[in-house]
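Shown next: work33.cif, containing mmCIF, N, CA and C atoms.
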data_protein
#
loop_
_atom_site.label_atom_id
_atom_site.label_comp_id
_atom_site.auth_asym_id
_atom_site.auth_seq_id
_atom_site.Cartn_x
_atom_site.Cartn_y
_atom_site.Cartn_z
N MET A 1 -46.75 14.29 -12.66
CA MET A 1 -46.14 12.98 -12.50
C MET A 1 -44.69 13.09 -12.01
N ALA A 2 -43.93 13.96 -12.64
CA ALA A 2 -42.54 14.15 -12.25
C ALA A 2 -42.43 14.66 -10.82
N LYS A 3 -43.40 15.48 -10.44
CA LYS A 3 -43.41 16.02 -9.08
C LYS A 3 -43.60 14.89 -8.06
N LYS A 4 -44.47 13.93 -8.37
CA LYS A 4 -44.72 12.80 -7.47
C LYS A 4 -43.48 11.91 -7.36
N VAL A 5 -42.80 11.69 -8.46
CA VAL A 5 -41.57 10.88 -8.44
C VAL A 5 -40.51 11.57 -7.60
N TRP A 6 -40.38 12.87 -7.79
CA TRP A 6 -39.39 13.64 -7.03
C TRP A 6 -39.71 13.60 -5.54
N LEU A 7 -40.98 13.79 -5.18
CA LEU A 7 -41.38 13.76 -3.77
C LEU A 7 -41.20 12.36 -3.19
N GLY A 8 -41.47 11.33 -3.98
CA GLY A 8 -41.26 9.94 -3.52
C GLY A 8 -39.78 9.67 -3.25
N ALA A 9 -38.94 10.14 -4.14
CA ALA A 9 -37.49 9.96 -3.97
C ALA A 9 -37.01 10.72 -2.73
N LEU A 10 -37.51 11.91 -2.53
CA LEU A 10 -37.13 12.71 -1.37
C LEU A 10 -37.57 12.03 -0.08
N LEU A 11 -38.79 11.48 -0.09
CA LEU A 11 -39.28 10.77 1.08
C LEU A 11 -38.42 9.55 1.38
N LEU A 12 -38.02 8.84 0.35
CA LEU A 12 -37.17 7.67 0.52
C LEU A 12 -35.83 8.06 1.15
N VAL A 13 -35.24 9.15 0.70
CA VAL A 13 -33.97 9.62 1.26
C VAL A 13 -34.14 10.01 2.73
N VAL A 14 -35.24 10.68 3.05
CA VAL A 14 -35.50 11.09 4.43
C VAL A 14 -35.66 9.87 5.33
N VAL A 15 -36.40 8.88 4.88
CA VAL A 15 -36.61 7.66 5.67
C VAL A 15 -35.29 6.92 5.85
N ALA A 16 -34.52 6.76 4.77
CA ALA A 16 -33.24 6.05 4.86
C ALA A 16 -32.28 6.78 5.80
N THR A 17 -32.23 8.09 5.71
CA THR A 17 -31.36 8.88 6.58
C THR A 17 -31.80 8.75 8.03
N SER A 18 -33.09 8.77 8.27
CA SER A 18 -33.61 8.63 9.64
C SER A 18 -33.27 7.26 10.21
N LEU A 19 -33.44 6.21 9.42
CA LEU A 19 -33.11 4.86 9.88
C LEU A 19 -31.62 4.74 10.19
N PHE A 20 -30.79 5.30 9.33
CA PHE A 20 -29.35 5.28 9.59
C PHE A 20 -29.04 6.03 10.88
N TRP A 21 -29.63 7.21 11.03
CA TRP A 21 -29.35 8.02 12.21
C TRP A 21 -29.76 7.29 13.49
N LEU A 22 -30.88 6.61 13.45
CA LEU A 22 -31.35 5.87 14.62
C LEU A 22 -30.47 4.67 14.94
N ASN A 23 -29.83 4.09 13.91
CA ASN A 23 -29.01 2.90 14.09
C ASN A 23 -27.51 3.19 14.01
N ARG A 24 -27.13 4.44 14.10
CA ARG A 24 -25.73 4.82 13.89
C ARG A 24 -24.78 4.20 14.91
N ASP A 25 -25.21 4.06 16.16
CA ASP A 25 -24.33 3.48 17.18
C ASP A 25 -24.01 2.02 16.87
N ALA A 26 -25.03 1.28 16.47
CA ALA A 26 -24.82 -0.13 16.11
C ALA A 26 -23.95 -0.23 14.85
N TRP A 27 -24.21 0.65 13.88
CA TRP A 27 -23.42 0.64 12.65
C TRP A 27 -21.96 0.95 12.96
N LEU A 28 -21.73 1.95 13.79
CA LEU A 28 -20.36 2.34 14.13
C LEU A 28 -19.64 1.23 14.88
N ALA A 29 -20.33 0.57 15.79
CA ALA A 29 -19.72 -0.54 16.53
C ALA A 29 -19.35 -1.67 15.57
N ASP A 30 -20.24 -1.99 14.63
CA ASP A 30 -19.94 -3.03 13.64
C ASP A 30 -18.77 -2.63 12.76
N PHE A 31 -18.75 -1.37 12.33
CA PHE A 31 -17.67 -0.87 11.49
C PHE A 31 -16.33 -0.97 12.22
N ASN A 32 -16.31 -0.53 13.47
CA ASN A 32 -15.07 -0.56 14.25
C ASN A 32 -14.59 -1.99 14.49
N ALA A 33 -15.50 -2.89 14.75
CA ALA A 33 -15.12 -4.30 14.95
C ALA A 33 -14.55 -4.89 13.67
N GLU A 34 -15.18 -4.59 12.55
CA GLU A 34 -14.68 -5.09 11.25
C GLU A 34 -13.31 -4.50 10.94
N ARG A 35 -13.15 -3.23 11.21
CA ARG A 35 -11.87 -2.55 10.95
C ARG A 35 -10.76 -3.15 11.82
N ALA A 36 -11.06 -3.41 13.09
CA ALA A 36 -10.06 -4.00 13.99
C ALA A 36 -9.67 -5.39 13.53
N GLU A 37 -10.63 -6.15 13.04
CA GLU A 37 -10.34 -7.50 12.53
C GLU A 37 -9.46 -7.43 11.28
N GLN A 38 -9.77 -6.50 10.38
CA GLN A 38 -8.95 -6.34 9.18
C GLN A 38 -7.53 -5.91 9.54
N LYS A 39 -7.42 -4.99 10.49
CA LYS A 39 -6.10 -4.51 10.90
C LYS A 39 -5.27 -5.68 11.43
N GLU A 40 -5.87 -6.48 12.29
CA GLU A 40 -5.15 -7.62 12.86
C GLU A 40 -4.74 -8.61 11.77
N GLN A 41 -5.61 -8.84 10.83
CA GLN A 41 -5.32 -9.78 9.73
C GLN A 41 -4.15 -9.28 8.89
N TYR A 42 -4.16 -8.01 8.50
CA TYR A 42 -3.09 -7.47 7.66
C TYR A 42 -1.79 -7.33 8.44
N GLN A 43 -1.90 -7.02 9.71
CA GLN A 43 -0.70 -6.91 10.55
C GLN A 43 -0.04 -8.28 10.70
N ARG A 44 -0.83 -9.29 10.96
CA ARG A 44 -0.30 -10.65 11.09
C ARG A 44 0.34 -11.12 9.79
N ALA A 45 -0.32 -10.83 8.68
CA ALA A 45 0.24 -11.21 7.37
C ALA A 45 1.55 -10.48 7.12
N GLY A 46 1.62 -9.20 7.48
CA GLY A 46 2.85 -8.43 7.31
C GLY A 46 3.98 -8.96 8.16
N LEU A 47 3.69 -9.29 9.41
CA LEU A 47 4.71 -9.84 10.30
C LEU A 47 5.24 -11.16 9.76
N ASP A 48 4.33 -12.03 9.33
CA ASP A 48 4.74 -13.34 8.78
C ASP A 48 5.57 -13.19 7.52
N PHE A 49 5.14 -12.30 6.63
CA PHE A 49 5.87 -12.09 5.37
C PHE A 49 7.25 -11.50 5.66
N GLY A 50 7.30 -10.54 6.58
CA GLY A 50 8.56 -9.88 6.90
C GLY A 50 9.59 -10.81 7.51
N LYS A 51 9.14 -11.79 8.27
CA LYS A 51 10.07 -12.74 8.89
C LYS A 51 10.79 -13.59 7.86
N GLN A 52 10.23 -13.70 6.66
CA GLN A 52 10.80 -14.55 5.62
C GLN A 52 11.38 -13.78 4.45
N ASN A 53 11.33 -12.44 4.50
CA ASN A 53 11.74 -11.64 3.35
C ASN A 53 12.51 -10.41 3.79
N ASP A 54 13.03 -9.70 2.79
CA ASP A 54 13.75 -8.46 3.09
C ASP A 54 12.83 -7.25 2.90
N GLN A 55 13.37 -6.08 3.19
CA GLN A 55 12.59 -4.85 3.15
C GLN A 55 12.03 -4.57 1.75
N GLN A 56 12.84 -4.79 0.72
CA GLN A 56 12.36 -4.51 -0.63
C GLN A 56 11.21 -5.44 -1.00
N ALA A 57 11.27 -6.69 -0.57
CA ALA A 57 10.18 -7.62 -0.84
C ALA A 57 8.90 -7.17 -0.14
N CYS A 58 9.03 -6.60 1.06
CA CYS A 58 7.86 -6.09 1.77
C CYS A 58 7.20 -4.96 0.97
N LEU A 59 8.02 -4.01 0.52
CA LEU A 59 7.49 -2.90 -0.26
C LEU A 59 6.87 -3.40 -1.55
N ASN A 60 7.56 -4.29 -2.24
CA ASN A 60 7.03 -4.83 -3.50
C ASN A 60 5.69 -5.52 -3.29
N GLU A 61 5.60 -6.32 -2.23
CA GLU A 61 4.36 -7.06 -1.94
C GLU A 61 3.21 -6.10 -1.64
N ALA A 62 3.48 -5.09 -0.82
CA ALA A 62 2.44 -4.12 -0.49
C ALA A 62 1.98 -3.36 -1.73
N LEU A 63 2.93 -2.94 -2.56
CA LEU A 63 2.57 -2.19 -3.76
C LEU A 63 1.84 -3.07 -4.77
N GLN A 64 2.24 -4.31 -4.90
CA GLN A 64 1.56 -5.23 -5.83
C GLN A 64 0.13 -5.48 -5.36
N SER A 65 -0.03 -5.71 -4.08
CA SER A 65 -1.36 -5.95 -3.52
C SER A 65 -2.23 -4.70 -3.65
N PHE A 66 -1.61 -3.55 -3.52
CA PHE A 66 -2.31 -2.27 -3.58
C PHE A 66 -2.68 -1.86 -5.00
N ASP A 67 -1.90 -2.25 -5.99
CA ASP A 67 -2.06 -1.76 -7.37
C ASP A 67 -3.52 -1.85 -7.82
N GLY A 68 -4.06 -0.71 -8.18
CA GLY A 68 -5.44 -0.65 -8.67
C GLY A 68 -6.45 -0.44 -7.56
N CYS A 69 -6.00 -0.41 -6.34
CA CYS A 69 -6.88 -0.21 -5.19
C CYS A 69 -7.41 1.22 -5.22
N LEU A 70 -8.69 1.36 -5.08
CA LEU A 70 -9.26 2.69 -5.12
C LEU A 70 -9.89 3.11 -3.80
N GLY A 71 -10.07 2.19 -2.90
CA GLY A 71 -10.75 2.50 -1.65
C GLY A 71 -9.81 2.88 -0.53
N TYR A 72 -10.35 3.62 0.41
CA TYR A 72 -9.59 4.06 1.57
C TYR A 72 -9.12 2.87 2.40
N SER A 73 -10.02 1.91 2.64
CA SER A 73 -9.66 0.78 3.49
C SER A 73 -8.56 -0.06 2.86
N CYS A 74 -8.53 -0.14 1.55
CA CYS A 74 -7.47 -0.89 0.86
C CYS A 74 -6.11 -0.22 1.11
N THR A 75 -6.08 1.09 1.05
CA THR A 75 -4.84 1.82 1.30
C THR A 75 -4.39 1.61 2.75
N VAL A 76 -5.32 1.72 3.68
CA VAL A 76 -5.00 1.54 5.10
C VAL A 76 -4.50 0.12 5.35
N ASN A 77 -5.20 -0.87 4.80
CA ASN A 77 -4.81 -2.27 5.01
C ASN A 77 -3.41 -2.55 4.50
N ASN A 78 -3.09 -2.07 3.33
CA ASN A 78 -1.74 -2.29 2.79
C ASN A 78 -0.69 -1.51 3.56
N GLY A 79 -1.05 -0.37 4.11
CA GLY A 79 -0.14 0.38 4.96
C GLY A 79 0.16 -0.36 6.25
N VAL A 80 -0.85 -0.99 6.83
CA VAL A 80 -0.67 -1.80 8.04
C VAL A 80 0.24 -2.99 7.73
N PHE A 81 0.00 -3.64 6.58
CA PHE A 81 0.84 -4.76 6.16
C PHE A 81 2.29 -4.31 6.03
N LEU A 82 2.51 -3.20 5.33
CA LEU A 82 3.87 -2.73 5.06
C LEU A 82 4.60 -2.37 6.35
N LYS A 83 3.95 -1.66 7.23
CA LYS A 83 4.59 -1.27 8.49
C LYS A 83 5.00 -2.50 9.30
N ALA A 84 4.10 -3.47 9.41
CA ALA A 84 4.40 -4.69 10.16
C ALA A 84 5.51 -5.48 9.48
N CYS A 85 5.44 -5.56 8.17
CA CYS A 85 6.43 -6.32 7.40
C CYS A 85 7.82 -5.72 7.57
N LEU A 86 7.93 -4.41 7.43
CA LEU A 86 9.23 -3.76 7.55
C LEU A 86 9.83 -3.94 8.95
N SER A 87 8.97 -4.07 9.95
CA SER A 87 9.47 -4.23 11.32
C SER A 87 10.17 -5.57 11.53
N GLN A 88 9.91 -6.54 10.67
CA GLN A 88 10.48 -7.88 10.83
C GLN A 88 11.48 -8.25 9.74
N ALA A 89 11.47 -7.54 8.65
CA ALA A 89 12.26 -7.90 7.47
C ALA A 89 13.75 -7.70 7.69
N THR A 90 14.53 -8.48 6.95
CA THR A 90 15.98 -8.27 6.95
C THR A 90 16.29 -7.05 6.09
N ALA A 91 17.39 -6.43 6.38
CA ALA A 91 17.78 -5.21 5.66
C ALA A 91 18.07 -5.51 4.20
N THR A 92 17.66 -4.59 3.35
CA THR A 92 17.97 -4.64 1.93
C THR A 92 19.00 -3.55 1.65
N PRO A 93 20.18 -3.91 1.18
CA PRO A 93 21.17 -2.87 0.87
C PRO A 93 20.59 -1.85 -0.12
N GLY A 94 20.74 -0.58 0.20
CA GLY A 94 20.27 0.49 -0.67
C GLY A 94 18.79 0.78 -0.58
N PHE A 95 18.08 0.15 0.33
CA PHE A 95 16.63 0.33 0.43
C PHE A 95 16.25 1.79 0.67
N CYS A 96 17.06 2.50 1.40
CA CYS A 96 16.74 3.89 1.73
C CYS A 96 17.48 4.91 0.86
N ASP A 97 18.29 4.43 -0.08
CA ASP A 97 19.02 5.34 -0.97
C ASP A 97 18.03 6.15 -1.81
N GLY A 98 18.17 7.45 -1.79
CA GLY A 98 17.32 8.32 -2.60
C GLY A 98 15.95 8.58 -2.02
N VAL A 99 15.66 8.00 -0.87
CA VAL A 99 14.36 8.21 -0.22
C VAL A 99 14.45 9.51 0.58
N PRO A 100 13.52 10.43 0.35
CA PRO A 100 13.60 11.70 1.08
C PRO A 100 13.31 11.50 2.57
N GLU A 101 13.84 12.41 3.37
CA GLU A 101 13.58 12.38 4.80
C GLU A 101 12.09 12.60 5.04
N PHE A 102 11.53 11.88 5.99
CA PHE A 102 10.11 12.02 6.29
C PHE A 102 9.86 13.35 6.99
N ARG A 103 8.83 14.04 6.55
CA ARG A 103 8.39 15.29 7.18
C ARG A 103 6.89 15.17 7.40
N ASP A 104 6.39 15.74 8.49
CA ASP A 104 4.94 15.72 8.72
C ASP A 104 4.21 16.38 7.56
N LYS A 105 4.77 17.48 7.09
CA LYS A 105 4.20 18.16 5.93
C LYS A 105 5.20 18.01 4.79
N PRO A 106 4.91 17.11 3.85
CA PRO A 106 5.89 16.87 2.78
C PRO A 106 6.10 18.09 1.88
N THR A 107 7.33 18.22 1.42
CA THR A 107 7.66 19.29 0.48
C THR A 107 7.19 18.88 -0.91
N GLU A 108 7.27 19.80 -1.84
CA GLU A 108 6.91 19.47 -3.23
C GLU A 108 7.85 18.41 -3.80
N ASP A 109 9.14 18.45 -3.41
CA ASP A 109 10.09 17.43 -3.86
C ASP A 109 9.71 16.05 -3.31
N ASP A 110 9.28 16.01 -2.04
CA ASP A 110 8.85 14.75 -1.44
C ASP A 110 7.64 14.19 -2.19
N LYS A 111 6.69 15.07 -2.48
CA LYS A 111 5.48 14.64 -3.20
C LYS A 111 5.83 14.15 -4.59
N SER A 112 6.75 14.84 -5.25
CA SER A 112 7.16 14.43 -6.60
C SER A 112 7.86 13.08 -6.58
N TRP A 113 8.70 12.86 -5.59
CA TRP A 113 9.40 11.57 -5.47
C TRP A 113 8.38 10.43 -5.41
N ALA A 114 7.39 10.56 -4.54
CA ALA A 114 6.38 9.51 -4.40
C ALA A 114 5.53 9.39 -5.65
N LYS A 115 5.09 10.51 -6.19
CA LYS A 115 4.23 10.50 -7.38
C LYS A 115 4.92 9.83 -8.55
N TYR A 116 6.15 10.22 -8.82
CA TYR A 116 6.84 9.68 -9.98
C TYR A 116 7.26 8.22 -9.78
N PHE A 117 7.53 7.83 -8.54
CA PHE A 117 7.79 6.42 -8.29
C PHE A 117 6.56 5.60 -8.69
N CYS A 118 5.40 6.05 -8.25
CA CYS A 118 4.16 5.33 -8.55
C CYS A 118 3.88 5.34 -10.06
N TRP A 119 4.02 6.48 -10.69
CA TRP A 119 3.78 6.58 -12.12
C TRP A 119 4.78 5.74 -12.91
N ASP A 120 6.06 5.87 -12.57
CA ASP A 120 7.10 5.14 -13.31
C ASP A 120 6.95 3.63 -13.18
N ASN A 121 6.35 3.18 -12.07
CA ASN A 121 6.15 1.75 -11.86
C ASN A 121 4.73 1.32 -12.20
N ASN A 122 3.97 2.24 -12.81
CA ASN A 122 2.62 1.96 -13.29
C ASN A 122 1.72 1.39 -12.18
N ILE A 123 1.82 1.98 -11.00
CA ILE A 123 0.99 1.56 -9.88
C ILE A 123 -0.18 2.54 -9.79
N ARG A 124 -1.35 2.01 -10.02
CA ARG A 124 -2.55 2.84 -10.04
C ARG A 124 -3.10 2.99 -8.62
N GLY A 125 -3.75 4.10 -8.38
CA GLY A 125 -4.37 4.36 -7.08
C GLY A 125 -3.65 5.48 -6.36
N GLU A 126 -4.42 6.43 -5.88
CA GLU A 126 -3.84 7.60 -5.21
C GLU A 126 -3.10 7.23 -3.92
N GLY A 127 -3.52 6.16 -3.26
CA GLY A 127 -2.90 5.77 -2.01
C GLY A 127 -1.47 5.27 -2.15
N CYS A 128 -1.01 5.03 -3.36
CA CYS A 128 0.37 4.58 -3.58
C CYS A 128 1.34 5.57 -2.94
N ARG A 129 1.04 6.83 -3.04
CA ARG A 129 1.91 7.86 -2.47
C ARG A 129 1.99 7.72 -0.95
N LEU A 130 0.89 7.31 -0.33
CA LEU A 130 0.90 7.12 1.12
C LEU A 130 1.78 5.94 1.51
N LEU A 131 1.79 4.90 0.69
CA LEU A 131 2.68 3.77 0.97
C LEU A 131 4.14 4.19 0.82
N MET A 132 4.42 5.04 -0.15
CA MET A 132 5.78 5.53 -0.32
C MET A 132 6.20 6.41 0.86
N ARG A 133 5.25 7.13 1.43
CA ARG A 133 5.56 7.92 2.63
C ARG A 133 5.91 7.00 3.79
N GLN A 134 5.31 5.80 3.79
CA GLN A 134 5.68 4.83 4.84
C GLN A 134 7.14 4.43 4.69
N GLN A 135 7.59 4.27 3.46
CA GLN A 135 9.00 3.95 3.26
C GLN A 135 9.86 5.11 3.76
N ALA A 136 9.47 6.34 3.45
CA ALA A 136 10.23 7.50 3.92
C ALA A 136 10.24 7.55 5.45
N PHE A 137 9.12 7.25 6.07
CA PHE A 137 9.06 7.24 7.54
C PHE A 137 9.98 6.17 8.10
N PHE A 138 9.93 4.98 7.52
CA PHE A 138 10.77 3.87 7.99
C PHE A 138 12.25 4.23 7.84
N CYS A 139 12.61 4.79 6.70
CA CYS A 139 14.02 5.11 6.46
C CYS A 139 14.51 6.27 7.35
N SER A 140 13.60 7.16 7.75
CA SER A 140 13.97 8.28 8.61
C SER A 140 13.98 7.89 10.09
N ASN A 141 13.32 6.79 10.41
CA ASN A 141 13.21 6.34 11.80
C ASN A 141 13.56 4.86 11.89
N PRO A 142 14.81 4.51 11.64
CA PRO A 142 15.17 3.08 11.64
C PRO A 142 14.89 2.44 13.00
N PRO A 143 14.54 1.15 12.96
CA PRO A 143 14.20 0.45 14.21
C PRO A 143 15.38 0.33 15.16
#
Show me this structure written as structure tokens.
Amino acid sequence: MAKKVWLGALLLVVVATSLFWLNRDAWLADFNAERAEQKEQYQRAGLDFGKQNDQQACLNEALQSFDGCLGYSCTVNNGVFLKACLSQATATPGFCDGVPEFRDKPTEDDKSWAKYFCWDNNIRGEGCRLLMRQQAFFCSNPP
């Protein structure tokens, strides 16, 4: 009996994988279209928010929206929002104070800065560190 259940489950996986493989081009096109729509939506929201707020408000909004986010797309979406927002926001005095210089390959000190900022502010989700790297990038490459 267990052997039949196992073989049935294996057959189901093979069929599902085959169907996905046969429809992968359509799936990928749908995924890319959805992703482009989300990017445009978050970018527009970031630009609008940034026009009415300062840099610190942009970071706070992105981190608040991100808090508890566990998915990759959530991290990407909030990163798009933050980048667009910072491009329009008014300067916040001291916004870049203590922010490490952006490096393609962060040092252990850079990683600790981002990690402890997220922990100290009780922001859950691994992508918080990526949003903090956006702040480091912005501060190292002012508009």
| request: Would you kindly translate the PyMOL selection byres ((chain A and resi 58) around 8) into the concrete residues it picks from this file, as a list of chain:residue names? | output: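 Applying the expression gives A:Gly46, A:Phe49, A:Gly50, A:Asn53, A:Asp54, A:Gln55, A:Gln56, A:Ala57, A:Leu59, A:Asn60, A:Glu61, A:Ala62, A:Leu63, A:Gln64, A:Phe81, A:Leu82, A:Lys83, A:Cys85, A:Leu86, A:Ala89.
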Using N, CA and C atoms, can you export the residues from the last selection as a compact mmCIF listing (two decimals), in the frame of the given file?
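This is the output file again_7.txt:
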# COMPACT_ATOMS: atom_id res chain seq x y z
N GLY A 46 1.62 -9.20 7.48
CA GLY A 46 2.85 -8.43 7.31
C GLY A 46 3.98 -8.96 8.16
N PHE A 49 5.14 -12.30 6.63
CA PHE A 49 5.87 -12.09 5.37
C PHE A 49 7.25 -11.50 5.66
N GLY A 50 7.30 -10.54 6.58
CA GLY A 50 8.56 -9.88 6.90
C GLY A 50 9.59 -10.81 7.51
N ASN A 53 11.33 -12.44 4.50
CA ASN A 53 11.74 -11.64 3.35
C ASN A 53 12.51 -10.41 3.79
N ASP A 54 13.03 -9.70 2.79
CA ASP A 54 13.75 -8.46 3.09
C ASP A 54 12.83 -7.25 2.90
N GLN A 55 13.37 -6.08 3.19
CA GLN A 55 12.59 -4.85 3.15
C GLN A 55 12.03 -4.57 1.75
N GLN A 56 12.84 -4.79 0.72
CA GLN A 56 12.36 -4.51 -0.63
C GLN A 56 11.21 -5.44 -1.00
N ALA A 57 11.27 -6.69 -0.57
CA ALA A 57 10.18 -7.62 -0.84
C ALA A 57 8.90 -7.17 -0.14
N LEU A 59 8.02 -4.01 0.52
CA LEU A 59 7.49 -2.90 -0.26
C LEU A 59 6.87 -3.40 -1.55
N ASN A 60 7.56 -4.29 -2.24
CA ASN A 60 7.03 -4.83 -3.50
C ASN A 60 5.69 -5.52 -3.29
N GLU A 61 5.60 -6.32 -2.23
CA GLU A 61 4.36 -7.06 -1.94
C GLU A 61 3.21 -6.10 -1.64
N ALA A 62 3.48 -5.09 -0.82
CA ALA A 62 2.44 -4.12 -0.49
C ALA A 62 1.98 -3.36 -1.73
N LEU A 63 2.93 -2.94 -2.56
CA LEU A 63 2.57 -2.19 -3.76
C LEU A 63 1.84 -3.07 -4.77
N GLN A 64 2.24 -4.31 -4.90
CA GLN A 64 1.56 -5.23 -5.83
C GLN A 64 0.13 -5.48 -5.36
N PHE A 81 0.00 -3.64 6.58
CA PHE A 81 0.84 -4.76 6.16
C PHE A 81 2.29 -4.31 6.03
N LEU A 82 2.51 -3.20 5.33
CA LEU A 82 3.87 -2.73 5.06
C LEU A 82 4.60 -2.37 6.35
N LYS A 83 3.95 -1.66 7.23
CA LYS A 83 4.59 -1.27 8.49
C LYS A 83 5.00 -2.50 9.30
N CYS A 85 5.44 -5.56 8.17
CA CYS A 85 6.43 -6.32 7.40
C CYS A 85 7.82 -5.72 7.57
N LEU A 86 7.93 -4.41 7.43
CA LEU A 86 9.23 -3.76 7.55
C LEU A 86 9.83 -3.94 8.95
N ALA A 89 11.47 -7.54 8.65
CA ALA A 89 12.26 -7.90 7.47
C ALA A 89 13.75 -7.70 7.69
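Nearest to A:Cys118 of all the residues A:Lys105, A:Met132, A:Cys96, A:Thr90 is A:Met132, counting only N, CA and C atoms.
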How big is the axis-aligned box, and where does its centre sit, when it encloses all atoms of stretch 60-79 of chain A listed in the file and has 5 Å added on every side, reported in Å to one decimal as JSON?
{"center_x": -1.6, "center_y": -1.5, "center_z": -1.2, "size_x": 28.3, "size_y": 21.1, "size_z": 24.9}
| Taking into account all atoms listed in the file, which residue in the set A:Gly68, A:Ser140, A:Asp97, A:Asp110 is nearest to A:Asn122? |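 Once distances to A:Asn122 are computed over all atoms listed in the file, the minimum belongs to A:Gly68.
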| message | Need the shell around stretch 39-42 of chain A: protein/DNA/RNA residues with any atom at most 8 Å away, counting all atoms listed in the file. Skip same-chain ones fewer than 6 positions apart. Format as a list in words? | response | Ala33, Asp48, Val76, Asn77, Asn78, Gly79, Val80, Phe81, Leu82, Ala84 and Cys85 of chain A
| remark: From atom CA of A:Arg124 to atom CA of A:Cys69 the spacing works out at 7.2 Å
| task | Mind giving me the straight-line distance from atom CA of A:Trp119 to atom CA of A:Leu131 in Å, one decimal? | result | 13.4 Å
| remark: note - atom N of A:Gln38 and atom C of A:Arg103 are separated by 27.5 Å
